[in-house]
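*Asks:* This is the structure I have questions about; it appears just below.
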Amino acid sequence: MENKTMKRMPIREGLFHIPSSASEKPYLMGSQCRNCQEVIFPQRKICLNCFGRDLEQVKLSSKGRLFTFTINHQGPREFSTPYASGFIDLPEGVRIYSLLTDWEMKGLKIGAEMELVIKKIKEDNEGNVVLGYKFEPI
Amino acid sequence: MREVCVIGVAMTRFGRHSESWVEEFGREACEMAIQDAGVPRGDIQAAHCSHSFQGRVTGQRILKDLGLTGIPVINVENACAGGGTSFHQTWMAVAGGFYNVAIAIGAEKMTKGLIPPNVEDLEGLMGRTYPGRFAMMAQRHMYEYGTTREQLALVSVKNHRNGSLNPYAHYQEPLSLEDVLNARMIAEPITLLQCCPVTDGAAAAVLCSKDIAKRYHNQPIEIAASIVTSGIYQSIRKGALSSETELSQRAARKAYEMAGIGPEDIDVAEVHDCFSIAELLHYEELGFCRFGESGKLIEEGATSLDGKIPINPSGGLLAKGHPMGATGIGQIVEIVWQLRGQAGKRQVKNTKVGLTHCVGGATPGIGQGACSVHILKK
């Protein structure tokens, strides 16, 4: 159970925007290189493709397609199994590793459309809720 | 650049060495390799030692009781390709004329469980394990090419059959297809018996310049190619291959170019089968079959001991084990034995040219940190 004194914190700063109201949608933040137009996630100061240093922050599409996935039955101690993970191809041409959620009922299929959600990933040693990005089948 | 030969090889049995220090079993491997080479210790002028988890100056700690002191000892870390890298560095030192005789060592004592990610590795922090990573490659291969769970499991069946013939392997029991398929699921479709075990061990190889090789050993094995390289970012937007595939394919192409041969000339190979799917991917990347045909290749038995291109006669990482820094040298040891005709019950017939391949060190952005490919010939 989430205790009110627990803090909710992103797994790392600069990865995603957490919606402040129900009407707002979350999104991931990437970088786009002004030199070669490559879109990269997570954000970087240096382009992975051309090593240019002129990058701007961009909002990434919240929908993409499942490139591949697995159901993990063994994982790091703070993860309860089974849990699903996969790679999502976003329309910007970026392939993102992500945990997957809400798959038990809907099932997972390569090529299926997936949507971004911000959810608890794990609890840290102080009992704070660590938030991360996940994708779920639409 | 001078031509270089391997004149002495040895390895400890791979397995759990919980009662023994890395210094002890590492020294044992070196001692046997030096004896095999017939080299007086005083002739060894330099050493490279690969490991990932053994602390500082592991090579010096291993060599000091052999009296191999007062020489340059360089410790090498390159994840799963560490052993191949240590061998490459030793080759370069001799090929470049800096030393006439030098030793390459790999030694590792692993700890139980999954290999933890580097702390800055976001994917690792978000639950991406090594078996999970390869399971995702397997799912994609199944989707694109119709590769089956049975074909994946057959890799493990073959390698455990080979391991059962290898007194140096961690696991020496054959497994049935049902054993592999029904083992505990780790990351779908990869079961426990399709993952390399947690293994300790050491291996060593003595190298010297070709012109003096026969002074020491009557069956020197030539190093026809030695390549180490690293991953490159691949733009998905431009429809490139995955970084992993590009890396092994590029390393192999460079090695074939250097040796002046092609994949059809390889008689036997040891490849980096950390998981069953990895071996199938490497068949394609190394040119032993076309993309998408690796499932068929294993099913036809082409990569079995009596097949047209026997792969991992030692049992590979799956059965022989994967003590990280030692693996690449362990592969060299096996290929040297195969080329000399000393591989016992797992001897492949008519071997003239052999290949070894290691890849590892997951690095988001560039796929894998390191890949080594070596081609050895009689």
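Please note that chains go A, B, ... in the order of the structure tokens, that every chain numbers its residues from 1, and that ligands are numbered from 1 in the order shown.
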Contacts of region 40-53 of chain A at 12 Å or less, counting only C-alpha atoms, minus same-chain residues fewer than 2 places along, as an MDAnalysis selection string?

*Replies:* (chainID A and resid 12:16 27:38 55:61 88:90 92:98 133) or (chainID B and resid 121:123 231:238 364:367)

*Asks:* Could you please tell me, as a VMD selection string, which residues of chain A have an atom within 6 Å of chain B when using only C-alpha atoms?

*Replies:* chain A and resid 68 to 74 93

*Asks:* Suppose you want the space between CA of Lys109 (chain A) and CA of Leu318 (chain B); what is it in Å?

*Replies:*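 So the two atoms, CA of Lys109 (chain A) and CA of Leu318 (chain B), lie 28.9 Å apart.
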
*Asks:* Would you mind listing what lies within 8 Å of Pro174 (chain B) as a VMD selection string, with only C-alpha atoms counted and same-chain residues fewer than 2 positions away left out?

*Replies:* chain B and resid 157 160 to 164 172 176

*Asks:* From the DSSP assignment of the backbone, select every residue of region 10-53 of chain B that is alpha helix (DSSP H), and format the answer as a list in words.

*Replies:*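 Taking region 10-53 of chain B and keeping alpha helix (DSSP H) only, one gets Val22, Glu23, Glu24, Phe25, Gly26, Arg27, Glu28, Ala29, Cys30, Glu31, Met32, Ala33, Ile34, Gln35, Asp36 and Ala37 of chain B.
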
*Asks:* Can those selected residues be exported to a file as a CSV table (one decimal), in the first residue's frame so that it contains N, CA and C atoms?

*Replies:*
```csv
chain,number,residue,atom,x,y,z
B,22,VAL,N,41.2,-17.5,-7.2
B,22,VAL,CA,41.5,-17.3,-8.7
B,22,VAL,C,43.0,-17.4,-8.9
B,23,GLU,N,43.8,-17.0,-7.9
B,23,GLU,CA,45.3,-17.0,-8.1
B,23,GLU,C,45.7,-18.5,-8.3
B,24,GLU,N,45.1,-19.4,-7.6
B,24,GLU,CA,45.5,-20.8,-7.6
B,24,GLU,C,45.1,-21.4,-8.9
B,25,PHE,N,43.8,-21.3,-9.3
B,25,PHE,CA,43.4,-22.0,-10.5
B,25,PHE,C,43.9,-21.3,-11.8
B,26,GLY,N,44.1,-20.0,-11.6
B,26,GLY,CA,44.7,-19.2,-12.7
B,26,GLY,C,46.2,-19.6,-12.9
B,27,ARG,N,46.9,-19.8,-11.8
B,27,ARG,CA,48.3,-20.3,-11.9
B,27,ARG,C,48.4,-21.7,-12.6
B,28,GLU,N,47.4,-22.5,-12.2
B,28,GLU,CA,47.4,-23.9,-12.7
B,28,GLU,C,47.3,-23.9,-14.2
B,29,ALA,N,46.4,-23.0,-14.8
B,29,ALA,CA,46.3,-22.9,-16.2
B,29,ALA,C,47.5,-22.4,-16.9
B,30,CYS,N,48.2,-21.4,-16.3
B,30,CYS,CA,49.4,-20.9,-16.9
B,30,CYS,C,50.5,-21.9,-16.8
B,31,GLU,N,50.6,-22.6,-15.7
B,31,GLU,CA,51.7,-23.6,-15.6
B,31,GLU,C,51.6,-24.7,-16.6
B,32,MET,N,50.3,-25.1,-16.9
B,32,MET,CA,50.1,-26.2,-17.9
B,32,MET,C,50.4,-25.7,-19.3
B,33,ALA,N,50.0,-24.4,-19.5
B,33,ALA,CA,50.2,-23.9,-20.9
B,33,ALA,C,51.7,-23.7,-21.2
B,34,ILE,N,52.4,-23.3,-20.2
B,34,ILE,CA,53.9,-23.1,-20.4
B,34,ILE,C,54.5,-24.4,-20.6
B,35,GLN,N,54.1,-25.4,-19.9
B,35,GLN,CA,54.6,-26.8,-20.0
B,35,GLN,C,54.3,-27.3,-21.4
B,36,ASP,N,53.0,-27.1,-21.8
B,36,ASP,CA,52.6,-27.5,-23.2
B,36,ASP,C,53.4,-26.9,-24.3
B,37,ALA,N,53.8,-25.6,-24.0
B,37,ALA,CA,54.6,-24.9,-25.0
B,37,ALA,C,56.0,-25.3,-25.1
```

*Asks:* Rounded to one decimal, what separation in Å do you get between CA of Tyr171 (chain B) and CA of Glu244 (chain B)?

*Replies:*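 Distance reported for this atom pair: 27.9 Å.
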
*Asks:* Identify, with DSSP run on backbone atoms, the residues in region 127-275 of chain B assigned to strand (DSSP E or B), and express the list as a ChimeraX atom specification.

*Replies:* /B:185-187,190-191,195,200-209,221-229,268-270,275

*Asks:* Which residue out of B:Ser52, B:Ser18, B:Ser314, B:Thr85 has the minimum interatomic distance to Asn166 (chain B) when only C-alpha atoms are used?

*Replies:*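 For Asn166 (chain B), the nearest of the given residues is B:Ser314.
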
*Asks:* Given only C-alpha atoms as the basis, pick out the residue of B:Gly15, B:Gly38, B:Gly201, B:Gly295 nearest to Met142 (chain B).

*Replies:* B:Gly295

*Asks:* Measuring between only C-alpha atoms, which one of B:Cys195, B:Cys208, B:Arg290, B:Thr147 shows the shortest distance to Ala46 (chain B)?

*Replies:*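 Closest residue, counting only C-alpha atoms: B:Cys208.
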
*Asks:* Tell me, in Å to one decimal, how far CA of Val228 (chain B) is from CA of Leu63 (chain B).

*Replies:* 25.0 Å
